[in-house]
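Visitor: The following block contains the structure, expressed as structure tokens.
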Amino acid sequence: MKAKKNGLEWAVFAVSLLILIGFVGTLVYLASTAGDRPADLVVELGEPQQMSAGFAVPVRVHNRGDRTAEEVRVEITLAQDGKAAQERELTFPFLPRRSERDGFVVFDRDPRCCELSGRATAYEEP
Amino acid sequence: MDESASSAREASPTVAESLREYGRGLAGGLMFSLPLLYTMEVWWSGFIATPERLLAYVALVFVLLLGYNRYAGMHPDASFAEVIIDSVEEYGLGIVTATGVLYLLGRIGAGESLEEMSGKIVVEAGIVAIGFSVGTAQLGSGEENEEGESDGNDEKSDEAAGFGDHVVLAACGATLFAANVAPTEEIVVIAVETVPMRLLGIAAVSIALAALVLYFSDFAGSKRLPRAGTPFDVVVGTVVTYGIALTISAIMLWFFGRFDGVSAGIAARQVIVLGFPSVLGASAGRLLLQQ
């Protein structure tokens, strides 16, 4: 009979039990709070930085919805005097619910001269 | 010294012995789960699956762990409480291992929600945990195993005809094998593109394979199978094994979201396609799990 356990094994068991309870607890919490709103995409633009290829603008997309979005296409427009001067597109393969992803778009001219705006234009449901 | 060591073993294993056991578990866990840890579809399924589905998955893995530890685990004479303790331990170690490997592979990090991370880890950890259990019980060559093994053999030849025993081990084997391919896109591609006659062929080969491994090739451990006296027993055993393989395939496909939005026909085709690796696990894998 190898019923008895030594201190190490009891310690491993105790930690494992905590981890397992923690995980199941997290999942139960997530399950109870999860809604079913479609993906809700918010685009946030950072400060442009000058690079060798032009001006790189950091793009961060948040998904505040409850469903995952796939193949998320984001359009960044550089507008001068209300007219679109340059457009860039960025694609994210996956944007899980309540997560964020980062990327960059590069413009030829310094975007600080003009108005920058970004929005998610299309996505798929997995 | 020797005597105290052996009596200590009767009472409780030394720390060194426990560490060796964990080492084997770690090797087993990684061996069975590495393909999954390196598969993109699995990372995604962690956050595509709903929390409810993830909970169902945790429950299924835990049941399989309980079953495996009960019928083929490290301590064949363990009581139910000990089986639960072992299973909890293995699941916990599985989670730690999966987290560590995913971290090293750069799959967990900033910008991810709690949900995304926990989903990914839970999915990967399930197979690591089952591998852990198998590794602990099967990869040992040491003396500590030997006693247990010869005892186990005697007991098992009595228990050999146990039906529950066969079902649980076949399910574990099928899960370990099917899990490696179930999440991949290839299953759907094969299911959609293959003509019905060949699908029938896949099913026929799967069944033949089960019969061959279980009853006609003198595979290691096949003596311990439910009795194979008459052709009728062979047919029943083979059909049951294939049935388990198909059931596990269906559960895995459902979990990885392969049934979402597809027609019943395509779903059935996928089950048959996955049934092939699955039946290999339920027959050959099953025998290896219980050496």
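Identifiers for the structure tokens are assigned positionally: chains receive A, B, ... in sequence, residues are indexed from 1 per chain, and ligands are indexed from 1 in the order shown.
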Pick out each residue of stretch 5-75 of chain A that DSSP on the backbone tags as strand (DSSP E or B); I need them as a list in words.
Guide: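 Answer for stretch 5-75 of chain A, restricted to strand (DSSP E or B): Leu41, Val42, Val43, Glu44, Leu45, Gln49, Gln50, Met51, Gly54, Phe55, Ala56, Val57, Pro58, Val59, Arg60, Val61, His62, Asn63, Ala69, Glu70, Glu71, Val72, Arg73, Val74 and Glu75 of chain A.
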Visitor: Residues as selected, C-alpha atoms, written as a PDB file, in the first residue's frame, can you do that?
Guide:
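Output saved as selection-v6.pdb:
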ATOM      1  CA  LEU A  41     -13.971  47.171 -31.907  1.00  0.00           C
ATOM      2  CA  VAL A  42     -12.303  50.364 -30.799  1.00  0.00           C
ATOM      3  CA  VAL A  43      -9.236  51.721 -32.566  1.00  0.00           C
ATOM      4  CA  GLU A  44      -6.727  53.793 -30.654  1.00  0.00           C
ATOM      5  CA  LEU A  45      -3.844  55.612 -32.359  1.00  0.00           C
ATOM      6  CA  GLN A  49       7.409  58.081 -34.837  1.00  0.00           C
ATOM      7  CA  GLN A  50       9.800  58.870 -37.637  1.00  0.00           C
ATOM      8  CA  MET A  51      11.373  55.761 -39.154  1.00  0.00           C
ATOM      9  CA  GLY A  54       8.345  57.115 -43.174  1.00  0.00           C
ATOM     10  CA  PHE A  55       6.205  57.864 -40.170  1.00  0.00           C
ATOM     11  CA  ALA A  56       5.008  54.884 -38.191  1.00  0.00           C
ATOM     12  CA  VAL A  57       1.791  55.263 -36.254  1.00  0.00           C
ATOM     13  CA  PRO A  58       1.096  52.712 -33.508  1.00  0.00           C
ATOM     14  CA  VAL A  59      -2.371  51.210 -33.797  1.00  0.00           C
ATOM     15  CA  ARG A  60      -4.070  49.429 -30.955  1.00  0.00           C
ATOM     16  CA  VAL A  61      -7.387  47.699 -31.459  1.00  0.00           C
ATOM     17  CA  HIS A  62      -9.543  46.747 -28.493  1.00  0.00           C
ATOM     18  CA  ASN A  63     -12.373  44.278 -28.671  1.00  0.00           C
ATOM     19  CA  ALA A  69     -13.515  38.736 -34.256  1.00  0.00           C
ATOM     20  CA  GLU A  70     -11.481  37.139 -37.024  1.00  0.00           C
ATOM     21  CA  GLU A  71      -9.679  38.834 -39.947  1.00  0.00           C
ATOM     22  CA  VAL A  72     -10.202  42.273 -38.489  1.00  0.00           C
ATOM     23  CA  ARG A  73      -9.483  44.988 -41.060  1.00  0.00           C
ATOM     24  CA  VAL A  74      -8.619  48.402 -39.745  1.00  0.00           C
ATOM     25  CA  GLU A  75      -8.485  51.510 -41.893  1.00  0.00           C
TER      26      GLU A  75
END
Visitor: Set out as a tab-separated table a contact list for chain B and chain A with a cut-off of 9 Å, giving each residue of chain B that qualifies its closest atom pair and distance in Å to one decimal, counting only C-alpha atoms, ordered by chain and rising residue number.
Guide:
residue	atom	partner	partner_atom	distance
B:Arg9	CA	A:Lys2	CA	7.6
B:Glu10	CA	A:Lys2	CA	6.1
B:Ala11	CA	A:Lys4	CA	5.7
B:Ser12	CA	A:Lys4	CA	4.6
B:Pro13	CA	A:Asn6	CA	6.3
B:Thr14	CA	A:Asn6	CA	6.8
B:Val15	CA	A:Leu8	CA	6.5
B:Ser18	CA	A:Glu9	CA	6.9
B:Leu19	CA	A:Leu8	CA	8.7
B:Trp44	CA	A:Phe94	CA	8.3
B:Phe47	CA	A:Pro96	CA	6.2
B:Ile48	CA	A:Thr68	CA	6.3
B:Thr50	CA	A:Ala31	CA	7.5
B:Pro51	CA	A:Ala31	CA	4.9
B:Glu52	CA	A:Ala31	CA	5.8
B:Leu54	CA	A:Leu27	CA	7.4
B:Leu55	CA	A:Leu27	CA	6.6
B:Val58	CA	A:Val24	CA	8.0
B:His75	CA	A:Lys2	CA	6.9
B:Asp77	CA	A:Met1	CA	6.8
B:Ala78	CA	A:Ala3	CA	6.8
B:Ser79	CA	A:Ala3	CA	8.3
B:Glu82	CA	A:Ala3	CA	7.2
B:Ile85	CA	A:Phe13	CA	6.9
B:Asp86	CA	A:Phe13	CA	7.8
B:Val88	CA	A:Leu17	CA	6.1
B:Glu89	CA	A:Phe13	CA	4.9
B:Glu90	CA	A:Ser16	CA	7.7
B:Tyr91	CA	A:Ser16	CA	7.0
B:Gly92	CA	A:Ser16	CA	3.9
B:Leu93	CA	A:Ser16	CA	6.5
B:Ile95	CA	A:Ile19	CA	7.9
B:Val96	CA	A:Ile19	CA	8.5
B:Gly111	CA	A:Glu100	CA	5.4
B:Glu112	CA	A:Ser99	CA	5.3
B:Ser113	CA	A:Ser99	CA	5.1
B:Leu114	CA	A:Thr26	CA	8.6
B:Glu115	CA	A:Leu30	CA	7.2
B:Glu116	CA	A:Pro96	CA	6.9
B:Ser118	CA	A:Phe23	CA	7.3
B:Gly119	CA	A:Leu27	CA	8.3
B:Val122	CA	A:Phe23	CA	7.9
Visitor: So that I have them on file, write out the residues from the current selection with N, CA and C atoms, as a short mmCIF file (atom, residue, chain, number, x, y, z; two decimals), in the first residue's frame.
Guide:
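The result, stored in out-v2.cif:
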data_model
loop_
_atom_site.label_atom_id
_atom_site.label_comp_id
_atom_site.auth_asym_id
_atom_site.auth_seq_id
_atom_site.Cartn_x
_atom_site.Cartn_y
_atom_site.Cartn_z
N ARG B 9 9.56 3.06 2.36
CA ARG B 9 8.82 3.04 1.12
C ARG B 9 7.41 2.51 1.33
N GLU B 10 7.33 1.52 2.22
CA GLU B 10 6.00 1.01 2.53
C GLU B 10 5.13 2.13 3.10
N ALA B 11 5.78 2.94 3.97
CA ALA B 11 5.00 3.97 4.65
C ALA B 11 4.72 5.14 3.70
N SER B 12 5.80 5.79 3.29
CA SER B 12 5.61 6.88 2.34
C SER B 12 6.87 6.99 1.52
N PRO B 13 6.74 7.37 0.25
CA PRO B 13 7.92 7.43 -0.61
C PRO B 13 8.87 8.53 -0.16
N THR B 14 10.16 8.34 -0.41
CA THR B 14 11.11 9.39 -0.08
C THR B 14 10.95 10.53 -1.07
N VAL B 15 11.53 11.66 -0.70
CA VAL B 15 11.43 12.83 -1.59
C VAL B 15 12.05 12.52 -2.94
N SER B 18 9.64 10.59 -5.01
CA SER B 18 8.57 11.46 -5.51
C SER B 18 9.06 12.29 -6.69
N LEU B 19 10.29 12.82 -6.55
CA LEU B 19 10.83 13.65 -7.62
C LEU B 19 10.99 12.84 -8.90
N TRP B 44 -5.95 29.15 -30.55
CA TRP B 44 -7.16 29.90 -30.87
C TRP B 44 -8.37 29.30 -30.17
N PHE B 47 -9.49 30.66 -26.94
CA PHE B 47 -10.30 31.85 -26.74
C PHE B 47 -11.56 31.89 -27.59
N ILE B 48 -11.65 30.97 -28.55
CA ILE B 48 -12.90 30.92 -29.32
C ILE B 48 -13.97 30.17 -28.53
N THR B 50 -16.35 28.99 -25.62
CA THR B 50 -17.00 29.74 -24.55
C THR B 50 -16.56 29.18 -23.20
N PRO B 51 -16.66 29.97 -22.14
CA PRO B 51 -16.28 29.47 -20.81
C PRO B 51 -17.05 28.20 -20.43
N GLU B 52 -18.31 28.10 -20.84
CA GLU B 52 -19.09 26.90 -20.52
C GLU B 52 -18.44 25.67 -21.15
N LEU B 54 -15.36 25.34 -22.00
CA LEU B 54 -14.08 25.08 -21.33
C LEU B 54 -14.32 24.33 -20.03
N LEU B 55 -15.38 24.70 -19.31
CA LEU B 55 -15.69 23.99 -18.07
C LEU B 55 -16.02 22.53 -18.35
N VAL B 58 -12.81 20.73 -18.90
CA VAL B 58 -12.11 20.45 -17.65
C VAL B 58 -12.73 19.23 -16.97
N HIS B 75 -0.72 3.63 -8.71
CA HIS B 75 -1.02 2.86 -7.50
C HIS B 75 -2.31 2.06 -7.70
N ASP B 77 -3.72 -0.20 -6.15
CA ASP B 77 -4.56 -0.55 -5.02
C ASP B 77 -5.11 0.69 -4.31
N ALA B 78 -5.03 1.82 -4.99
CA ALA B 78 -5.42 3.06 -4.35
C ALA B 78 -6.92 3.13 -4.07
N SER B 79 -7.25 3.80 -2.99
CA SER B 79 -8.66 4.02 -2.68
C SER B 79 -9.17 5.17 -3.54
N GLU B 82 -7.60 8.49 -2.81
CA GLU B 82 -6.24 8.63 -3.34
C GLU B 82 -6.25 8.88 -4.84
N ILE B 85 -6.93 12.44 -5.25
CA ILE B 85 -5.74 13.24 -4.91
C ILE B 85 -4.73 13.19 -6.04
N ASP B 86 -4.47 11.98 -6.56
CA ASP B 86 -3.53 11.86 -7.68
C ASP B 86 -3.98 12.68 -8.89
N VAL B 88 -5.97 15.31 -9.01
CA VAL B 88 -5.84 16.75 -8.77
C VAL B 88 -4.38 17.17 -8.96
N GLU B 89 -3.50 16.36 -8.37
CA GLU B 89 -2.07 16.65 -8.48
C GLU B 89 -1.64 16.72 -9.95
N GLU B 90 -2.06 15.73 -10.72
CA GLU B 90 -1.66 15.68 -12.12
C GLU B 90 -2.23 16.84 -12.92
N TYR B 91 -3.48 17.20 -12.61
CA TYR B 91 -4.07 18.31 -13.33
C TYR B 91 -3.32 19.61 -13.00
N GLY B 92 -3.03 19.78 -11.71
CA GLY B 92 -2.30 20.99 -11.30
C GLY B 92 -0.94 21.07 -11.97
N LEU B 93 -0.21 19.95 -11.96
CA LEU B 93 1.11 19.94 -12.59
C LEU B 93 0.98 20.16 -14.09
N ILE B 95 -1.28 21.99 -15.56
CA ILE B 95 -1.51 23.42 -15.77
C ILE B 95 -0.21 24.20 -15.66
N VAL B 96 0.59 23.86 -14.64
CA VAL B 96 1.87 24.56 -14.47
C VAL B 96 2.77 24.32 -15.68
N GLY B 111 -1.39 42.16 -23.28
CA GLY B 111 -2.44 42.41 -24.27
C GLY B 111 -3.50 41.34 -24.30
N GLU B 112 -3.30 40.32 -23.50
CA GLU B 112 -4.30 39.25 -23.51
C GLU B 112 -5.19 39.38 -22.29
N SER B 113 -6.46 39.11 -22.50
CA SER B 113 -7.37 39.15 -21.36
C SER B 113 -7.17 37.89 -20.54
N LEU B 114 -7.64 37.95 -19.31
CA LEU B 114 -7.61 36.80 -18.42
C LEU B 114 -8.27 35.60 -19.09
N GLU B 115 -9.34 35.93 -19.80
CA GLU B 115 -10.11 34.90 -20.46
C GLU B 115 -9.31 34.17 -21.54
N GLU B 116 -8.63 34.96 -22.35
CA GLU B 116 -7.86 34.38 -23.44
C GLU B 116 -6.77 33.48 -22.88
N SER B 118 -6.51 32.09 -19.80
CA SER B 118 -6.96 30.90 -19.07
C SER B 118 -7.51 29.87 -20.04
N GLY B 119 -8.19 30.34 -21.10
CA GLY B 119 -8.72 29.41 -22.08
C GLY B 119 -7.62 28.60 -22.74
N VAL B 122 -6.04 26.17 -20.21
CA VAL B 122 -6.91 25.04 -19.85
C VAL B 122 -6.92 23.98 -20.95
#
Visitor: Which residue gives the smallest distance to B:Gly94 among B:Pro35, B:Gly67, B:Gly201, B:Gly29, with only C-alpha atoms counted?
Guide: B:Gly29
Visitor: Kindly give the distance, in Å, that separates atom CA of B:Val123 and atom CA of A:Ala122, rounded to a single decimal.
Guide: 28.9 Å
Visitor: Find the spatial neighbours of B:Gly131, counting only C-alpha atoms, within a cut-off of 9 Å - ignore same-chain residues fewer than 2 positions away - and output them as a ChimeraX atom specification.
Guide: /B:25-33,94,126-129,133-136,176
Visitor: At a cut-off of 12 Å, using only C-alpha atoms, what residues contact stretch 233-241 of chain B? Leave out same-chain residues fewer than 4 positions from it and give the result as an MDAnalysis selection string.
Guide: chainID B and resid 161:164 166:174 203:204 206:216 222 225:229 245:248 275:276 278:286
Visitor: Can you pull out every residue from stretch 4-78 of chain A that DSSP, working from the backbone, puts in helix (DSSP H, G or I), and format the result as a list in words?
Guide: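 After running DSSP on the backbone, stretch 4-78 of chain A has helix (DSSP H, G or I) at Gly7, Leu8, Glu9, Trp10, Ala11, Val12, Phe13, Ala14, Val15, Ser16, Leu17, Leu18, Ile19, Leu20, Ile21, Gly22, Phe23, Val24, Gly25, Thr26, Leu27, Val28, Tyr29, Leu30, Ala31, Ser32 and Thr33 of chain A.
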Visitor: List the spatial neighbours of stretch 181-188 of chain B as a VMD selection string - criterion: any atom at most 9 Å away, only C-alpha atoms, same-chain residues fewer than 6 positions off excluded.
Guide: chain B and resid 35 to 36 39 to 42 45 249 252 to 253 255 to 258 266 to 267 269 to 271 273 to 274 277
Visitor: Could you dump the residues just selected with N, CA and C atoms as a PDB file, in the first residue's frame?
Guide:
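Dumped to part16.pdb:
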ATOM      1  N   PRO B  35       2.853  18.201 -29.641  1.00  0.00           N
ATOM      2  CA  PRO B  35       2.236  18.609 -30.909  1.00  0.00           C
ATOM      3  C   PRO B  35       1.128  19.639 -30.698  1.00  0.00           C
ATOM      4  N   LEU B  36       0.379  19.491 -29.602  1.00  0.00           N
ATOM      5  CA  LEU B  36      -0.717  20.430 -29.330  1.00  0.00           C
ATOM      6  C   LEU B  36      -0.203  21.793 -28.916  1.00  0.00           C
ATOM      7  N   THR B  39       0.574  23.923 -31.871  1.00  0.00           N
ATOM      8  CA  THR B  39      -0.450  24.036 -32.914  1.00  0.00           C
ATOM      9  C   THR B  39      -1.292  25.299 -32.738  1.00  0.00           C
ATOM     10  N   MET B  40      -1.359  26.106 -33.794  1.00  0.00           N
ATOM     11  CA  MET B  40      -2.068  27.380 -33.712  1.00  0.00           C
ATOM     12  C   MET B  40      -3.543  27.224 -33.397  1.00  0.00           C
ATOM     13  N   GLU B  41      -4.161  26.233 -34.036  1.00  0.00           N
ATOM     14  CA  GLU B  41      -5.604  26.080 -33.840  1.00  0.00           C
ATOM     15  C   GLU B  41      -5.940  25.871 -32.369  1.00  0.00           C
ATOM     16  N   VAL B  42      -5.022  25.251 -31.637  1.00  0.00           N
ATOM     17  CA  VAL B  42      -5.292  25.009 -30.220  1.00  0.00           C
ATOM     18  C   VAL B  42      -5.215  26.309 -29.425  1.00  0.00           C
ATOM     19  N   SER B  45      -8.441  27.994 -30.185  1.00  0.00           N
ATOM     20  CA  SER B  45      -9.650  27.384 -29.609  1.00  0.00           C
ATOM     21  C   SER B  45      -9.768  27.774 -28.149  1.00  0.00           C
ATOM     22  N   SER B 249     -14.084  11.118 -30.681  1.00  0.00           N
ATOM     23  CA  SER B 249     -13.870  12.009 -31.821  1.00  0.00           C
ATOM     24  C   SER B 249     -14.933  13.091 -31.852  1.00  0.00           C
ATOM     25  N   MET B 252     -14.413  15.683 -29.088  1.00  0.00           N
ATOM     26  CA  MET B 252     -13.289  16.577 -29.365  1.00  0.00           C
ATOM     27  C   MET B 252     -13.648  17.590 -30.448  1.00  0.00           C
ATOM     28  N   LEU B 253     -14.298  17.105 -31.506  1.00  0.00           N
ATOM     29  CA  LEU B 253     -14.666  18.002 -32.598  1.00  0.00           C
ATOM     30  C   LEU B 253     -15.640  19.056 -32.111  1.00  0.00           C
ATOM     31  N   PHE B 255     -15.858  20.146 -29.100  1.00  0.00           N
ATOM     32  CA  PHE B 255     -15.146  21.078 -28.245  1.00  0.00           C
ATOM     33  C   PHE B 255     -14.360  22.096 -29.055  1.00  0.00           C
ATOM     34  N   PHE B 256     -13.700  21.643 -30.100  1.00  0.00           N
ATOM     35  CA  PHE B 256     -12.898  22.565 -30.899  1.00  0.00           C
ATOM     36  C   PHE B 256     -13.748  23.342 -31.907  1.00  0.00           C
ATOM     37  N   GLY B 257     -15.051  23.277 -31.729  1.00  0.00           N
ATOM     38  CA  GLY B 257     -15.945  24.111 -32.533  1.00  0.00           C
ATOM     39  C   GLY B 257     -16.112  23.660 -33.968  1.00  0.00           C
ATOM     40  N   ARG B 258     -15.793  22.396 -34.251  1.00  0.00           N
ATOM     41  CA  ARG B 258     -15.887  21.927 -35.628  1.00  0.00           C
ATOM     42  C   ARG B 258     -17.308  21.578 -36.050  1.00  0.00           C
ATOM     43  N   ILE B 266     -21.719  16.759 -42.818  1.00  0.00           N
ATOM     44  CA  ILE B 266     -20.310  17.125 -42.701  1.00  0.00           C
ATOM     45  C   ILE B 266     -19.786  16.755 -41.302  1.00  0.00           C
ATOM     46  N   ALA B 267     -20.638  16.954 -40.299  1.00  0.00           N
ATOM     47  CA  ALA B 267     -20.231  16.590 -38.940  1.00  0.00           C
ATOM     48  C   ALA B 267     -19.919  15.099 -38.865  1.00  0.00           C
ATOM     49  N   ARG B 269     -19.094  13.120 -41.312  1.00  0.00           N
ATOM     50  CA  ARG B 269     -17.886  12.833 -42.090  1.00  0.00           C
ATOM     51  C   ARG B 269     -16.633  13.129 -41.262  1.00  0.00           C
ATOM     52  N   GLN B 270     -16.677  14.252 -40.545  1.00  0.00           N
ATOM     53  CA  GLN B 270     -15.515  14.608 -39.721  1.00  0.00           C
ATOM     54  C   GLN B 270     -15.264  13.555 -38.651  1.00  0.00           C
ATOM     55  N   VAL B 271     -16.362  13.058 -38.065  1.00  0.00           N
ATOM     56  CA  VAL B 271     -16.213  12.056 -37.011  1.00  0.00           C
ATOM     57  C   VAL B 271     -15.519  10.816 -37.575  1.00  0.00           C
ATOM     58  N   VAL B 273     -13.502  10.688 -40.188  1.00  0.00           N
ATOM     59  CA  VAL B 273     -12.111  11.016 -40.504  1.00  0.00           C
ATOM     60  C   VAL B 273     -11.248  10.984 -39.237  1.00  0.00           C
ATOM     61  N   LEU B 274     -11.776  11.596 -38.176  1.00  0.00           N
ATOM     62  CA  LEU B 274     -11.010  11.619 -36.925  1.00  0.00           C
ATOM     63  C   LEU B 274     -11.052  10.255 -36.234  1.00  0.00           C
ATOM     64  N   PRO B 277      -7.402   8.052 -36.447  1.00  0.00           N
ATOM     65  CA  PRO B 277      -6.396   8.192 -35.384  1.00  0.00           C
ATOM     66  C   PRO B 277      -6.951   7.810 -34.020  1.00  0.00           C
TER      67      PRO B 277
END
Visitor: With only C-alpha atoms as the basis for distance, which of B:Ala59, B:Trp254, B:Ala98, B:Leu64 is at the shortest distance from B:Val83?
Guide: B:Leu64
Visitor: So that I can check the surroundings of B:Ile121, please list as a list in words every protein, DNA and RNA residue that reaches within 8 Å of it, counting only C-alpha atoms and ignoring chain neighbours fewer than 4 positions away.
Guide: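 Contacts, in chain order: Gly46, Ile95, Ala98, Thr99, Leu102, Met117 and Ala125 of chain B.
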